[in-house]
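Everything below belongs to protein36.txt, which stores compact mmCIF, C-alpha atoms.
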# COMPACT_ATOMS: atom_id res chain seq x y z
CA MET A 1 3.45 6.63 -29.94
CA THR A 2 -0.13 6.75 -31.14
CA ILE A 3 -1.67 5.02 -28.13
CA SER A 4 -3.70 7.57 -26.22
CA LEU A 5 -3.98 8.11 -22.51
CA ASN A 6 -7.53 6.79 -22.66
CA ALA A 7 -6.30 3.37 -23.76
CA PHE A 8 -3.99 3.07 -20.76
CA LEU A 9 -6.70 4.27 -18.41
CA LEU A 10 -9.10 1.75 -19.91
CA VAL A 11 -6.63 -1.06 -19.19
CA ALA A 12 -6.24 0.28 -15.65
CA GLY A 13 -10.02 0.42 -15.25
CA LEU A 14 -10.37 -3.14 -16.55
CA LEU A 15 -7.70 -4.37 -14.13
CA PHE A 16 -9.40 -2.62 -11.22
CA ALA A 17 -12.80 -4.06 -12.18
CA ILE A 18 -11.34 -7.57 -12.46
CA GLY A 19 -9.68 -7.20 -9.06
CA PHE A 20 -12.92 -5.95 -7.53
CA PHE A 21 -14.83 -8.82 -9.12
CA GLY A 22 -12.31 -11.27 -7.68
CA VAL A 23 -12.56 -9.77 -4.19
CA LEU A 24 -16.34 -10.19 -4.25
CA LEU A 25 -16.28 -13.64 -5.82
CA ARG A 26 -13.46 -15.56 -4.20
CA ARG A 27 -13.62 -17.23 -0.81
CA ASN A 28 -9.93 -18.03 -0.31
CA THR A 29 -8.22 -15.30 1.72
CA LEU A 30 -4.96 -15.70 -0.21
CA VAL A 31 -6.59 -15.28 -3.62
CA LEU A 32 -8.64 -12.41 -2.22
CA TYR A 33 -5.38 -10.76 -1.27
CA MET A 34 -3.98 -11.33 -4.78
CA CYS A 35 -7.05 -9.59 -6.21
CA LEU A 36 -6.45 -6.67 -3.83
CA GLU A 37 -2.92 -6.47 -5.25
CA LEU A 38 -4.42 -6.34 -8.74
CA MET A 39 -6.54 -3.35 -7.75
CA LEU A 40 -3.52 -1.59 -6.28
CA ASN A 41 -1.56 -2.26 -9.47
CA ALA A 42 -4.36 -0.84 -11.61
CA THR A 43 -4.11 2.48 -9.79
CA THR A 44 -0.33 2.37 -10.20
CA LEU A 45 -0.70 1.95 -13.94
CA ALA A 46 -3.09 4.89 -14.11
CA LEU A 47 -0.64 7.01 -12.13
CA VAL A 48 2.28 6.17 -14.43
CA ALA A 49 0.15 6.87 -17.51
CA PHE A 50 -0.98 10.25 -16.15
CA SER A 51 2.60 11.09 -15.23
CA ARG A 52 3.83 10.24 -18.73
CA PHE A 53 1.17 12.20 -20.55
CA ASN A 54 1.46 15.13 -18.17
CA GLY A 55 5.19 15.31 -18.83
CA THR A 56 6.22 15.43 -15.17
CA PRO A 57 8.33 12.79 -13.41
CA ASP A 58 6.63 13.22 -10.02
CA GLY A 59 4.01 10.56 -10.68
CA ASN A 60 6.73 8.00 -11.33
CA THR A 61 8.35 8.87 -8.01
CA PHE A 62 5.02 8.37 -6.24
CA VAL A 63 4.80 4.93 -7.86
CA PHE A 64 8.23 4.16 -6.42
CA PHE A 65 6.84 4.82 -2.94
CA ILE A 66 3.66 2.89 -3.69
CA ILE A 67 5.72 -0.17 -4.64
CA THR A 68 7.71 0.15 -1.41
CA VAL A 69 4.59 0.37 0.72
CA ALA A 70 2.91 -2.46 -1.22
CA ALA A 71 5.87 -4.76 -0.56
CA ALA A 72 5.67 -4.03 3.18
CA GLU A 73 1.90 -4.44 3.12
CA VAL A 74 2.07 -7.83 1.39
CA ALA A 75 4.60 -9.12 3.91
CA VAL A 76 2.48 -8.03 6.90
CA GLY A 77 -0.77 -9.24 5.33
CA LEU A 78 0.59 -12.68 4.54
CA ALA A 79 2.02 -12.96 8.06
CA ILE A 80 -1.46 -12.20 9.40
CA ILE A 81 -2.97 -14.85 7.10
CA VAL A 82 -0.42 -17.43 8.29
CA GLN A 83 -1.24 -16.60 11.92
CA LEU A 84 -4.95 -16.83 11.08
CA TYR A 85 -4.40 -20.28 9.60
CA ARG A 86 -2.51 -21.35 12.71
CA GLN A 87 -5.33 -20.24 15.00
CA ARG A 88 -8.29 -21.39 12.91
CA ARG A 89 -6.95 -24.10 10.58
CA THR A 90 -8.68 -22.46 7.62
CA VAL A 91 -8.27 -19.53 5.24
CA GLN A 92 -11.77 -19.70 3.76
CA VAL A 93 -13.76 -16.52 4.34
CA ASP A 94 -16.97 -18.53 4.79
CA GLU A 95 -15.58 -20.27 7.85
CA LEU A 96 -14.08 -17.17 9.49
CA THR A 97 -17.27 -16.05 11.22
CA ALA A 98 -16.05 -15.56 14.81
CA LEU A 99 -17.32 -11.98 14.96
CA LYS A 100 -20.72 -12.89 13.55
CA ASP A 101 -21.50 -15.79 15.86
CA MET B 1 5.16 -1.43 -33.53
CA ALA B 2 4.44 0.34 -30.24
CA ASP B 3 0.74 -0.06 -30.93
CA PHE B 4 1.09 -3.79 -31.43
CA LEU B 5 3.15 -4.11 -28.24
CA PHE B 6 0.54 -2.14 -26.32
CA TYR B 7 -2.24 -4.47 -27.43
CA LEU B 8 -0.07 -7.50 -26.69
CA PHE B 9 0.83 -6.41 -23.17
CA ALA B 10 -2.66 -5.11 -22.44
CA ALA B 11 -4.17 -8.43 -23.51
CA LEU B 12 -1.58 -10.33 -21.43
CA THR B 13 -2.27 -8.18 -18.37
CA VAL B 14 -6.05 -8.34 -18.55
CA GLY B 15 -6.17 -12.01 -19.56
CA SER B 16 -3.94 -13.19 -16.74
CA ALA B 17 -5.75 -10.89 -14.29
CA LEU B 18 -8.97 -12.69 -15.23
CA SER B 19 -7.16 -15.95 -14.63
CA VAL B 20 -6.16 -14.74 -11.12
CA ALA B 21 -9.76 -13.90 -10.32
CA LEU B 22 -11.30 -17.07 -11.73
CA ASN B 23 -8.74 -19.84 -11.24
CA ARG B 24 -9.77 -22.33 -8.58
CA ASN B 25 -6.20 -23.41 -7.86
CA ALA B 26 -4.36 -20.89 -5.68
CA VAL B 27 -0.93 -21.83 -7.09
CA ASN B 28 -2.16 -21.21 -10.64
CA ALA B 29 -3.58 -17.89 -9.46
CA ALA B 30 -0.15 -16.92 -8.08
CA MET B 31 1.52 -17.80 -11.39
CA SER B 32 -1.10 -15.80 -13.30
CA LEU B 33 -0.40 -12.93 -10.93
CA PHE B 34 3.23 -13.04 -12.05
CA LEU B 35 2.13 -12.86 -15.70
CA THR B 36 -0.06 -9.87 -14.85
CA PHE B 37 2.87 -8.06 -13.26
CA PHE B 38 5.02 -8.93 -16.26
CA GLY B 39 2.44 -7.46 -18.63
CA MET B 40 2.27 -4.35 -16.48
CA ALA B 41 6.06 -4.02 -16.62
CA GLY B 42 5.71 -4.11 -20.42
CA LEU B 43 3.14 -1.32 -20.26
CA PHE B 44 5.52 0.66 -18.04
CA VAL B 45 8.22 0.30 -20.70
CA LEU B 46 5.77 1.62 -23.31
CA LEU B 47 5.15 4.58 -20.97
CA GLU B 48 8.93 5.09 -20.86
CA ALA B 49 9.12 4.38 -17.14
CA TYR B 50 12.00 1.92 -17.54
CA PHE B 51 13.11 2.05 -13.93
CA LEU B 52 9.61 1.29 -12.71
CA ALA B 53 9.38 -1.63 -15.14
CA VAL B 54 12.53 -3.16 -13.67
CA LEU B 55 11.26 -2.44 -10.16
CA GLN B 56 7.91 -4.02 -10.98
CA ILE B 57 9.57 -7.26 -12.09
CA MET B 58 12.00 -7.28 -9.17
CA VAL B 59 9.66 -6.36 -6.34
CA TYR B 60 6.35 -7.81 -7.53
CA GLY B 61 7.59 -10.67 -9.68
CA GLY B 62 10.58 -11.52 -7.55
CA ALA B 63 9.34 -10.90 -4.02
CA VAL B 64 5.56 -10.58 -3.81
CA VAL B 65 4.60 -13.48 -6.11
CA VAL B 66 7.25 -15.75 -4.60
CA LEU B 67 5.93 -14.87 -1.12
CA PHE B 68 2.37 -15.66 -2.28
CA ALA B 69 3.41 -18.97 -3.84
CA PHE B 70 5.41 -19.85 -0.73
CA ILE B 71 2.48 -19.16 1.60
CA VAL B 72 0.03 -21.01 -0.67
CA MET B 73 2.25 -24.08 -0.59
CA LEU B 74 2.93 -23.70 3.15
CA LEU B 75 -0.74 -23.55 4.04
CA ASP B 76 -1.63 -26.44 1.72
CA VAL B 77 -5.24 -25.35 1.25
CA ASP B 78 -7.51 -28.25 0.44
CA ASN B 79 -9.55 -27.37 -2.64
CA ARG B 80 -11.69 -30.47 -2.66
CA LYS B 81 -13.91 -29.72 0.30
CA LEU B 82 -14.68 -26.21 -0.90
CA LYS B 83 -18.23 -25.09 -1.33
CA PRO B 84 -18.97 -24.04 -4.91
CA VAL B 85 -19.39 -20.32 -5.44
CA GLY B 86 -23.01 -19.34 -4.88
CA ALA B 87 -25.00 -17.94 -7.80
CA LEU B 88 -25.87 -14.85 -5.76
CA SER B 89 -22.27 -13.92 -4.99
CA TYR B 90 -21.30 -14.65 -8.60
CA ALA B 91 -24.04 -12.35 -9.86
CA ALA B 92 -23.10 -9.69 -7.32
CA GLY B 93 -19.47 -9.83 -8.44
CA VAL B 94 -20.36 -9.59 -12.13
CA VAL B 95 -22.81 -6.74 -11.60
CA ALA B 96 -20.42 -4.76 -9.40
CA ALA B 97 -17.51 -5.17 -11.83
CA ALA B 98 -19.74 -4.29 -14.80
CA LEU B 99 -21.03 -1.18 -13.04
CA LEU B 100 -17.52 -0.07 -12.21
CA LEU B 101 -16.35 -0.67 -15.76
CA THR B 102 -19.35 1.10 -17.28
CA ALA B 103 -18.68 4.14 -15.10
CA ALA B 104 -15.02 4.14 -16.15
CA LEU B 105 -15.87 3.75 -19.86
CA TRP B 106 -18.50 6.47 -19.70
CA LEU B 107 -16.06 8.81 -17.97
CA PHE B 108 -13.33 8.20 -20.54
CA HIS B 109 -15.78 8.64 -23.37
CA LYS B 110 -17.31 11.80 -21.96
CA ASN B 111 -14.18 13.67 -20.98
CA GLN B 112 -12.16 12.93 -24.12
CA LEU B 113 -8.83 13.14 -22.34
CA THR B 114 -6.49 14.26 -25.07
CA ALA B 115 -2.84 13.35 -25.00
CA PRO B 116 -0.54 16.28 -25.75
CA GLU B 117 2.54 15.96 -27.91
CA LEU B 118 5.43 14.74 -25.85
CA PRO B 119 9.02 15.94 -25.80
CA ALA B 120 11.52 13.66 -27.50
CA GLU B 121 13.19 12.85 -24.20
CA ALA B 122 10.50 11.88 -21.72
CA VAL B 123 10.96 13.46 -18.32
CA GLY B 124 10.66 10.32 -16.24
CA SER B 125 12.88 8.14 -18.37
CA ALA B 126 16.26 9.03 -16.95
CA LEU B 127 17.46 7.36 -13.78
CA LYS B 128 19.11 10.63 -12.84
CA VAL B 129 15.70 12.25 -12.43
CA TYR B 130 14.66 9.61 -9.92
CA GLY B 131 17.85 10.01 -7.94
CA ARG B 132 17.60 13.77 -7.82
CA GLN B 133 13.93 13.72 -6.88
CA LEU B 134 14.28 11.04 -4.24
CA PHE B 135 17.10 12.85 -2.48
CA THR B 136 15.87 16.44 -2.80
CA THR B 137 12.13 16.95 -3.17
CA TYR B 138 11.07 13.64 -1.66
CA LEU B 139 13.81 13.17 0.92
CA LEU B 140 11.44 12.95 3.90
CA PRO B 141 9.06 10.44 2.23
CA MET B 142 12.15 8.43 1.26
CA GLN B 143 13.28 8.28 4.92
CA ILE B 144 9.76 7.40 6.03
CA ALA B 145 9.56 4.63 3.41
CA GLY B 146 12.80 3.15 4.71
CA PHE B 147 11.51 3.35 8.28
CA LEU B 148 8.24 1.77 7.16
CA LEU B 149 10.14 -1.20 5.75
CA LEU B 150 11.92 -1.61 9.10
CA VAL B 151 8.62 -1.42 10.97
CA ALA B 152 7.06 -3.94 8.58
CA MET B 153 10.00 -6.32 9.04
CA ILE B 154 9.76 -6.19 12.84
CA GLY B 155 5.95 -6.45 12.62
CA VAL B 156 6.12 -9.57 10.48
CA ILE B 157 8.55 -11.22 12.87
CA VAL B 158 6.33 -10.40 15.86
CA ILE B 159 3.10 -11.49 14.12
CA SER B 160 4.42 -14.76 12.73
CA ARG B 161 5.91 -15.89 16.02
CA LYS B 162 4.24 -19.02 17.28
CA SER B 163 1.89 -18.01 20.07
CA ASP B 164 0.75 -20.31 22.89
CA ALA B 165 -2.83 -20.32 21.60
CA ALA B 166 -1.65 -21.43 18.17
CA ASP B 167 0.41 -24.21 19.74
CA ALA B 168 -2.60 -25.38 21.68
CA ALA B 169 -4.75 -25.32 18.54
CA SER B 170 -2.22 -27.29 16.52
CA ASP B 171 -1.80 -29.84 19.32
CA GLU B 172 -5.55 -30.18 19.48
CA SER B 173 -5.87 -30.77 15.76
CA ARG B 174 -3.05 -33.29 15.83
CA SER B 175 -4.52 -35.39 18.63
What's the C-alpha cells form of this structure?
Amino acid sequence: MTISLNAFLLVAGLLFAIGFFGVLLRRNTLVLYMCLELMLNATTLALVAFSRFNGTPDGNTFVFFIITVAAAEVAVGLAIIVQLYRQRRTVQVDELTALKD
Amino acid sequence: MADFLFYLFAALTVGSALSVALNRNAVNAAMSLFLTFFGMAGLFVLLEAYFLAVLQIMVYGGAVVVLFAFIVMLLDVDNRKLKPVGALSYAAGVVAAALLLTAALWLFHKNQLTAPELPAEAVGSALKVYGRQLFTTYLLPMQIAGFLLLVAMIGVIVISRKSDAADAASDESRS
C-alpha cells in the first residue's frame, strides 16, 4: 500500500477538527454529543494507523477497549440527556442556563 | 486500487462528518453519523484491522447510531422555534477548527513521519492475536471493561427511571 501514515493522520485530524467545530457551533445537545463521538473516533483512527505502521498489534487492542468504553459512555450520556429533557422540556444548550442564573 | 479506496473512504468519512456538524435536522445528522462510521470501517480495513472494522459497524453503526436515532425521535425536538446560529459562534467555530487543523498539518509536514516497510502478514490482522492478547496481556483491562459495561447498564437504568420531579414537570406542562 502506498498510502502513508501522514494521510491517515490527516484524515484523523480533519475528523477531529470537524467534531470540534460542531461542538462549538451546534446548540442541540444530541448533535453536540454526536460531534463528541466524531472526535473520539478520530483519535481511534489515529491509534489504529499508528498501530499498523508501527507493526505492533497492541494499538488495535486498545481500540477494542476504547470501543467498549465508548458504547457504555453513549448509553449513559443519552440517558442523562433523556432525563434532562424530562426535567427541563428542552435539549437546547441556550436554554439550559440554570447554573448561570 | 488501495489508493483509490483510501481516497473514497476518506472522502466519505470527512464529507459525512461535515454533514453531521452542519445538518440542521438531528435525524439526518444521525444518519450521516452512520455513514461516517461506515467510512471509518473502510479505513480500518485498509489498515488491515479487519476485526475492528466489523466491530466498528456492529457497535457504532448497529448500537450507537440506532440509540441516537431512537433518542432523537423520542425527544421530538422542534426545529422550527430554534434561534439561528449567531455569527460570533459560527466564526469562533470556524477559527478554532482552522487553528486545530493548521497545527495538525504543520506538525505532519514538519515531522515527515515516514512509514516503514511492512511485513507481508500484518501483526494485527489475525483474530488469534486479539484473542491471545485479550486473555493474557490485557486480562485485567478485559475484566474491568466487562465490569464497566455492567456498571453502565445499571447506571442507565437508575438514571432513566422516572423521578417524582420529572413527573411533576410533565404534569405541569400537560395542564
- request: Pick out the residues sitting within 8 Å of range 5-14 of chain B, and hand them over as a VMD selection string; count only C-alpha atoms, and ignore anything fewer than 2 positions along from it in its own chain.
  value: (chain A and resid 3 11 14 to 15) or (chain B and resid 1 to 3 16 to 18 35 to 40 42 to 43 46)
Grab the residues selected above and save them as a short mmCIF file (atom, residue, chain, number, x, y, z; two decimals), keeping the file's coordinate frame with C-alpha atoms.
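Output saved as selection_5.cif:
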data_model
loop_
_atom_site.label_atom_id
_atom_site.label_comp_id
_atom_site.auth_asym_id
_atom_site.auth_seq_id
_atom_site.Cartn_x
_atom_site.Cartn_y
_atom_site.Cartn_z
CA ILE A 3 -1.67 5.02 -28.13
CA VAL A 11 -6.63 -1.06 -19.19
CA LEU A 14 -10.37 -3.14 -16.55
CA LEU A 15 -7.70 -4.37 -14.13
CA MET B 1 5.16 -1.43 -33.53
CA ALA B 2 4.44 0.34 -30.24
CA ASP B 3 0.74 -0.06 -30.93
CA SER B 16 -3.94 -13.19 -16.74
CA ALA B 17 -5.75 -10.89 -14.29
CA LEU B 18 -8.97 -12.69 -15.23
CA LEU B 35 2.13 -12.86 -15.70
CA THR B 36 -0.06 -9.87 -14.85
CA PHE B 37 2.87 -8.06 -13.26
CA PHE B 38 5.02 -8.93 -16.26
CA GLY B 39 2.44 -7.46 -18.63
CA MET B 40 2.27 -4.35 -16.48
CA GLY B 42 5.71 -4.11 -20.42
CA LEU B 43 3.14 -1.32 -20.26
CA LEU B 46 5.77 1.62 -23.31
#
Return as a tab-separated table the residues of chain A lying at most 7 Å from chain B, together with the closest atom-to-atom pair for each and the distance in Å to one decimal, counting all atoms listed in the file, with rows in chain order and ascending residue number.
residue	atom	partner	partner_atom	distance
A:Met1	CA	B:Ala2	CA	6.4
A:Thr2	CA	B:Asp3	CA	6.9
A:Ile3	CA	B:Asp3	CA	6.3
A:Ser4	CA	B:Ala115	CA	6.0
A:Leu5	CA	B:Ala115	CA	5.9
A:Asn6	CA	B:Phe108	CA	6.3
A:Val11	CA	B:Ala10	CA	6.5
A:Gly13	CA	B:Ala104	CA	6.3
A:Leu14	CA	B:Leu101	CA	6.5
A:Leu15	CA	B:Val14	CA	6.2
A:Ala17	CA	B:Ala97	CA	4.9
A:Ile18	CA	B:Leu18	CA	6.3
A:Gly19	CA	B:Ala21	CA	6.8
A:Phe20	CA	B:Ala97	CA	6.3
A:Phe21	CA	B:Gly93	CA	4.8
A:Gly22	CA	B:Ala21	CA	4.5
A:Leu24	CA	B:Gly93	CA	5.2
A:Leu25	CA	B:Gly93	CA	5.6
A:Val31	CA	B:Ala26	CA	6.4
A:Cys35	CA	B:Ala21	CA	6.5
A:Ala49	CA	B:Leu47	CA	6.5
A:Arg52	CA	B:Leu47	CA	6.2
A:Phe53	CA	B:Ala115	CA	6.1
A:Gly55	CA	B:Val123	CA	6.1
A:Thr56	CA	B:Val123	CA	6.0
A:Pro57	CA	B:Gly124	CA	4.4
A:Asn60	CA	B:Gly124	CA	6.7
A:Thr61	CA	B:Tyr130	CA	6.6
A:Phe65	CA	B:Ala145	CA	6.9
A:Thr68	CA	B:Ala145	CA	6.8
A:Ala71	CA	B:Val64	CA	6.7
A:Ala72	CA	B:Ala152	CA	5.6
A:Val74	CA	B:Val64	CA	6.8
A:Ala75	CA	B:Val156	CA	6.8
A:Val76	CA	B:Val156	CA	5.3
A:Ala79	CA	B:Ser160	CA	5.6
A:Ile80	CA	B:Ile159	CA	6.6
A:Gln83	CA	B:Ser160	CA	6.0
A:Arg86	CA	B:Ala166	CA	5.5
A:Gln87	CA	B:Ala166	CA	5.0
query: Could you state the separation of CA of Asn54 in chain A and CA of Leu127 in chain B in Å, given to one decimal place?
result: 18.3 Å
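Separating CA of Val48 in chain A from CA of Phe8 in chain A is a distance of 9.4 Å.
What separates CA of Val66 in chain B from CA of Leu30 in chain A is a distance of 13.0 Å.
Of the listed residues A:Val23, A:Leu32, A:Ile81, A:Val63, the one whose atoms come nearest to Phe50 in chain A is A:Val63, with distances taken using all atoms listed in the file.
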